[in-house]
Amino acid sequence: MTMWEKMYLPAIAKGMSITFGHMFKKKPTVNYPEKSRPFSTVFRGLHVLNRDEQGRERCTACGLCAVACPAEAITMEAAERLPGEENLYREEKYAAKYEINMLRCIFCGLCEEACPKDAIYLSETFAPANYTRKGFIYGKEELLIPDPVTQPEEFEKARGAHAPRA
Amino acid sequence: MHPLLLTMDWALLIEKAVLILIIISVSLLIAMYETYAERKVAAFMQDRRGPNRAGPFGLLQPLADGLKLFMKEEIIPTSSSRMLFVLGPGLAMLTAMMTSAVVPWSSHFHFFGRDISLQIADINIGILYIFGVVSMGVYGIMIGGWASNNKFSLMAAIRGASQIISYELAMGLSIIALLMIAGSLSLKTIVEQQQAGQYYVLLQPLGFLIFLVCAFAECNRTPFDLSEADSELNMGFHQEYSSMKLGFYLFAEYINVFISSAVMSTLYWGGYDIPFVNDAVLGQHIGQNPLAGLQALSLFLKIVIFIFFFMWVRWTVPRFRYDQLMKLGWKILIPLALINMVVTGFILLLQQNHWHF
């Protein structure tokens, strides 16, 4: 090393000028809850149980999503549609209880591919944090999309960009 | 009334007590916000943002940190020596605070017909007192390492202690050259001389550099933080400490940084003197009290710049290995300080002899 290099001080001064310069550069940090970083169009987030244009639930409790799920996260109980409920459910069989355990779900999207009725799809949101394991078992109220006939704005907001355009 | 109570100078006692309270609270407050500043400065130099969630711009973050430290469990290992374990952090904090007693924070205020000087103790051996207290700081580290009953803490404490005593020597030697010029050990006299003449950094640049490097080593601050090497040696001599005892060690380090910056500004950069301004003339224009306030402010500004400098160097220079550290302290800095002393003495004698040989 030359005499100039052996003193270390010039090298330290040069390093310090670089560090100082970094203070004024633009930061790549994204202020998360206020802004979020853009995701790709095939991002798989939380599940949404779909309805059709007249507000009837599409899901018929056929169980194909539960069979397709590799983590066995979906459970359901079927029920028969009574004569006065034609505006609530599309077909004669519907899911009275539909639960997805978000702790088991691996967000693979196989349930979305397996569903024959376009009733379940994965949207763009994350699963938020929770204090108990029980809070992570999402029932029908959390999964079902709002009714497009009675609550059109919430429906549009909850639909997201990933909904199947039938 | 008891005759002793009547003959005591109550006004002086109250004045000094209030001053001590104010200076201690200011030191603690500054040490608290130094933790915040460290994280923010580190973040900005690393292209990120730093804490900005607790309060506006993250300004309440030190409160959150302090609360976290308070709420942790106080663990005292059963195989440690209980009294020494509790004594270690206390000693570190004590020596860190005691140094602030001789630093002149401003010139005098004029309240209630008295001249109140903002220096707790204007003893005429100010610098020697500072060095004595800093030497006592070694005890805090050694006791902490020994009382942990942990081989690795002990090794780290020994390395830390040997580092501090090595760099104390170079620090003392570099100050001797300054004393030759100033002629007095009292810090107030040194500041007054700098007010009248030039700042000593212009007369003693090498001495300032040596003192700066030694101050880094005394505060156990990167690049000299072998004894607490945050990522290797897992935490060094304060590994076994939790909650407020650990808080005391960390706080004592930050107060040491604050006090080292204060001493450096006082010795070399003019202390409370406002740069480029004639203080006496300004004092006649705006009055003594506002002048003292402005002077205290200018000292704080210099201290803040030095604290920023400490943090700037921390995030730039990589850590020294132990043998490199010892070589720097003994084989490079001490000869340099001695050369500085000899050259200063030579020039002073020439000056006294009116530049004849």
# chains A, B, ... in the order shown; residues from 1 in each chain; ligands from 1
>>> interface_residues(of="chain B", to="chain A", cutoff="7 Å", atoms="only C-alpha atoms", output="ChimeraX atom specification")
/B:44-49,313,316-317
>>> residues_around(residues="range 49-51 of chain A", least_positions_apart="6", cutoff="6 Å", atoms="only C-alpha atoms", output="list in words")
Glu57, Arg58, Ala119, Ile120, Leu143, Leu144 and Ile145 of chain A
>>> closest_residue(among="A:Pro83, A:Asp52, A:Ala161, A:Leu122", to="Leu110 in chain A", atoms="only C-alpha atoms")
A:Leu122
>>> residues_around(residues="range 111-118 of chain A", least_positions_apart="6", cutoff="9 Å", atoms="only C-alpha atoms", output="compact mmCIF listing (two decimals) with C-alpha atoms, in the first residue's frame")
# COMPACT_ATOMS: atom_id res chain seq x y z
CA HIS A 47 -61.03 -15.99 -1.08
CA LEU A 49 -67.60 -16.38 -2.48
CA ASN A 50 -69.30 -15.00 -5.54
CA ARG A 51 -72.91 -14.08 -6.35
CA ARG A 58 -73.54 -19.23 -6.78
CA CYS A 59 -72.10 -21.89 -4.47
CA THR A 60 -73.95 -25.23 -4.57
CA CYS A 62 -70.72 -29.64 -4.43
CA GLY A 63 -67.49 -30.14 -2.51
CA LEU A 64 -65.12 -30.04 -5.46
CA CYS A 65 -63.09 -27.22 -3.86
CA ALA A 66 -62.78 -29.17 -0.62
CA VAL A 67 -61.53 -32.21 -2.50
CA ALA A 68 -59.11 -30.17 -4.60
CA CYS A 69 -57.62 -28.30 -1.64
CA ALA A 163 -63.45 -11.72 -10.43
CA PRO A 164 -64.45 -14.04 -13.25
CA ALA A 166 -69.09 -14.30 -16.82
>>> residues_around(residues="Arg56 in chain A", least_positions_apart="6", cutoff="12 Å", atoms="only C-alpha atoms", output="PyMOL selection string")
chain A and resi 49-50+81+85-92+94+119+144-150
>>> write_last_selection(atoms="C-alpha atoms", output="PDB file, in the first residue's frame")
ATOM      1  CA  LEU A  49     -67.596 -16.379  -2.485  1.00  0.00           C
ATOM      2  CA  ASN A  50     -69.301 -14.998  -5.541  1.00  0.00           C
ATOM      3  CA  ARG A  81     -83.381 -24.678  -0.802  1.00  0.00           C
ATOM      4  CA  GLU A  85     -85.789 -18.723  -1.047  1.00  0.00           C
ATOM      5  CA  GLU A  86     -85.410 -18.647  -4.847  1.00  0.00           C
ATOM      6  CA  ASN A  87     -83.941 -15.170  -4.830  1.00  0.00           C
ATOM      7  CA  LEU A  88     -81.189 -16.171  -2.384  1.00  0.00           C
ATOM      8  CA  TYR A  89     -79.684 -19.250  -3.961  1.00  0.00           C
ATOM      9  CA  ARG A  90     -79.241 -20.273  -7.602  1.00  0.00           C
ATOM     10  CA  GLU A  91     -79.841 -24.017  -7.400  1.00  0.00           C
ATOM     11  CA  GLU A  92     -81.634 -26.352  -5.096  1.00  0.00           C
ATOM     12  CA  TYR A  94     -76.636 -24.501  -1.229  1.00  0.00           C
ATOM     13  CA  ALA A 119     -68.447 -19.436  -7.093  1.00  0.00           C
ATOM     14  CA  LEU A 144     -69.337 -13.906   0.875  1.00  0.00           C
ATOM     15  CA  ILE A 145     -69.323 -10.912  -1.417  1.00  0.00           C
ATOM     16  CA  PRO A 146     -71.964  -8.201  -0.691  1.00  0.00           C
ATOM     17  CA  ASP A 147     -75.225  -8.409  -2.645  1.00  0.00           C
ATOM     18  CA  PRO A 148     -74.970  -6.435  -5.941  1.00  0.00           C
ATOM     19  CA  VAL A 149     -78.655  -5.614  -5.894  1.00  0.00           C
ATOM     20  CA  THR A 150     -78.998  -4.289  -2.352  1.00  0.00           C
TER      21      THR A 150
END
>>> decode(residues="range 29-122 of chain A", atoms="C-alpha atoms", output="CSV table (one decimal), in the first residue's frame")
chain,number,residue,atom,x,y,z
A,29,THR,CA,-39.5,2.3,1.1
A,30,VAL,CA,-43.3,2.1,0.5
A,31,ASN,CA,-45.3,3.6,3.4
A,32,TYR,CA,-47.3,0.4,3.7
A,33,PRO,CA,-50.8,1.0,5.1
A,34,GLU,CA,-51.2,4.2,3.2
A,35,LYS,CA,-49.8,3.1,-0.1
A,36,SER,CA,-49.2,-0.5,-1.3
A,37,ARG,CA,-47.0,-1.8,-3.9
A,38,PRO,CA,-48.6,-2.9,-7.1
A,39,PHE,CA,-49.2,-6.7,-7.4
A,40,SER,CA,-49.3,-8.7,-10.6
A,41,THR,CA,-52.6,-9.6,-12.2
A,42,VAL,CA,-52.4,-13.2,-11.1
A,43,PHE,CA,-51.8,-12.5,-7.4
A,44,ARG,CA,-53.7,-15.0,-5.2
A,45,GLY,CA,-55.0,-13.4,-2.0
A,46,LEU,CA,-58.1,-13.9,0.1
A,47,HIS,CA,-61.0,-16.0,-1.1
A,48,VAL,CA,-64.3,-14.5,-2.1
A,49,LEU,CA,-67.6,-16.4,-2.5
A,50,ASN,CA,-69.3,-15.0,-5.5
A,51,ARG,CA,-72.9,-14.1,-6.4
A,52,ASP,CA,-74.5,-13.6,-9.8
A,53,GLU,CA,-76.0,-10.4,-11.2
A,54,GLN,CA,-79.4,-10.9,-9.5
A,55,GLY,CA,-77.7,-11.4,-6.1
A,56,ARG,CA,-78.2,-15.1,-5.7
A,57,GLU,CA,-75.3,-17.1,-4.2
A,58,ARG,CA,-73.5,-19.2,-6.8
A,59,CYS,CA,-72.1,-21.9,-4.5
A,60,THR,CA,-73.9,-25.2,-4.6
A,61,ALA,CA,-71.9,-27.1,-1.9
A,62,CYS,CA,-70.7,-29.6,-4.4
A,63,GLY,CA,-67.5,-30.1,-2.5
A,64,LEU,CA,-65.1,-30.0,-5.5
A,65,CYS,CA,-63.1,-27.2,-3.9
A,66,ALA,CA,-62.8,-29.2,-0.6
A,67,VAL,CA,-61.5,-32.2,-2.5
A,68,ALA,CA,-59.1,-30.2,-4.6
A,69,CYS,CA,-57.6,-28.3,-1.6
A,70,PRO,CA,-54.2,-29.8,-0.9
A,71,ALA,CA,-54.2,-28.5,2.6
A,72,GLU,CA,-57.7,-29.6,3.5
A,73,ALA,CA,-58.7,-26.1,4.6
A,74,ILE,CA,-62.3,-26.0,3.3
A,75,THR,CA,-65.2,-27.6,5.1
A,76,MET,CA,-68.9,-27.2,4.2
A,77,GLU,CA,-72.4,-28.4,5.1
A,78,ALA,CA,-75.1,-28.5,2.4
A,79,ALA,CA,-78.8,-27.7,2.8
A,80,GLU,CA,-81.8,-27.8,0.6
A,81,ARG,CA,-83.4,-24.7,-0.8
A,82,LEU,CA,-86.9,-24.1,0.6
A,83,PRO,CA,-89.7,-22.8,-1.7
A,84,GLY,CA,-89.5,-19.2,-0.6
A,85,GLU,CA,-85.8,-18.7,-1.0
A,86,GLU,CA,-85.4,-18.6,-4.8
A,87,ASN,CA,-83.9,-15.2,-4.8
A,88,LEU,CA,-81.2,-16.2,-2.4
A,89,TYR,CA,-79.7,-19.3,-4.0
A,90,ARG,CA,-79.2,-20.3,-7.6
A,91,GLU,CA,-79.8,-24.0,-7.4
A,92,GLU,CA,-81.6,-26.4,-5.1
A,93,LYS,CA,-78.6,-27.2,-3.0
A,94,TYR,CA,-76.6,-24.5,-1.2
A,95,ALA,CA,-73.9,-24.3,1.4
A,96,ALA,CA,-75.5,-23.6,4.8
A,97,LYS,CA,-72.1,-23.6,6.5
A,98,TYR,CA,-68.9,-22.9,4.6
A,99,GLU,CA,-65.6,-22.5,6.4
A,100,ILE,CA,-62.0,-21.9,5.2
A,101,ASN,CA,-59.2,-22.2,7.8
A,102,MET,CA,-56.8,-19.4,6.7
A,103,LEU,CA,-54.0,-20.9,8.8
A,104,ARG,CA,-54.1,-24.1,6.7
A,105,CYS,CA,-54.8,-22.5,3.3
A,106,ILE,CA,-51.7,-22.1,1.2
A,107,PHE,CA,-53.4,-19.7,-1.3
A,108,CYS,CA,-52.6,-22.0,-4.3
A,109,GLY,CA,-55.8,-21.3,-6.2
A,110,LEU,CA,-56.7,-24.9,-6.9
A,111,CYS,CA,-60.2,-24.4,-5.4
A,112,GLU,CA,-60.7,-21.5,-7.9
A,113,GLU,CA,-59.7,-23.8,-10.7
A,114,ALA,CA,-61.9,-26.7,-9.5
A,115,CYS,CA,-65.1,-24.8,-9.0
A,116,PRO,CA,-67.7,-25.5,-11.8
A,117,LYS,CA,-69.9,-22.6,-10.9
A,118,ASP,CA,-67.4,-19.7,-10.7
A,119,ALA,CA,-68.4,-19.4,-7.1
A,120,ILE,CA,-65.0,-19.0,-5.4
A,121,TYR,CA,-62.1,-16.9,-6.6
A,122,LEU,CA,-59.0,-15.5,-5.0
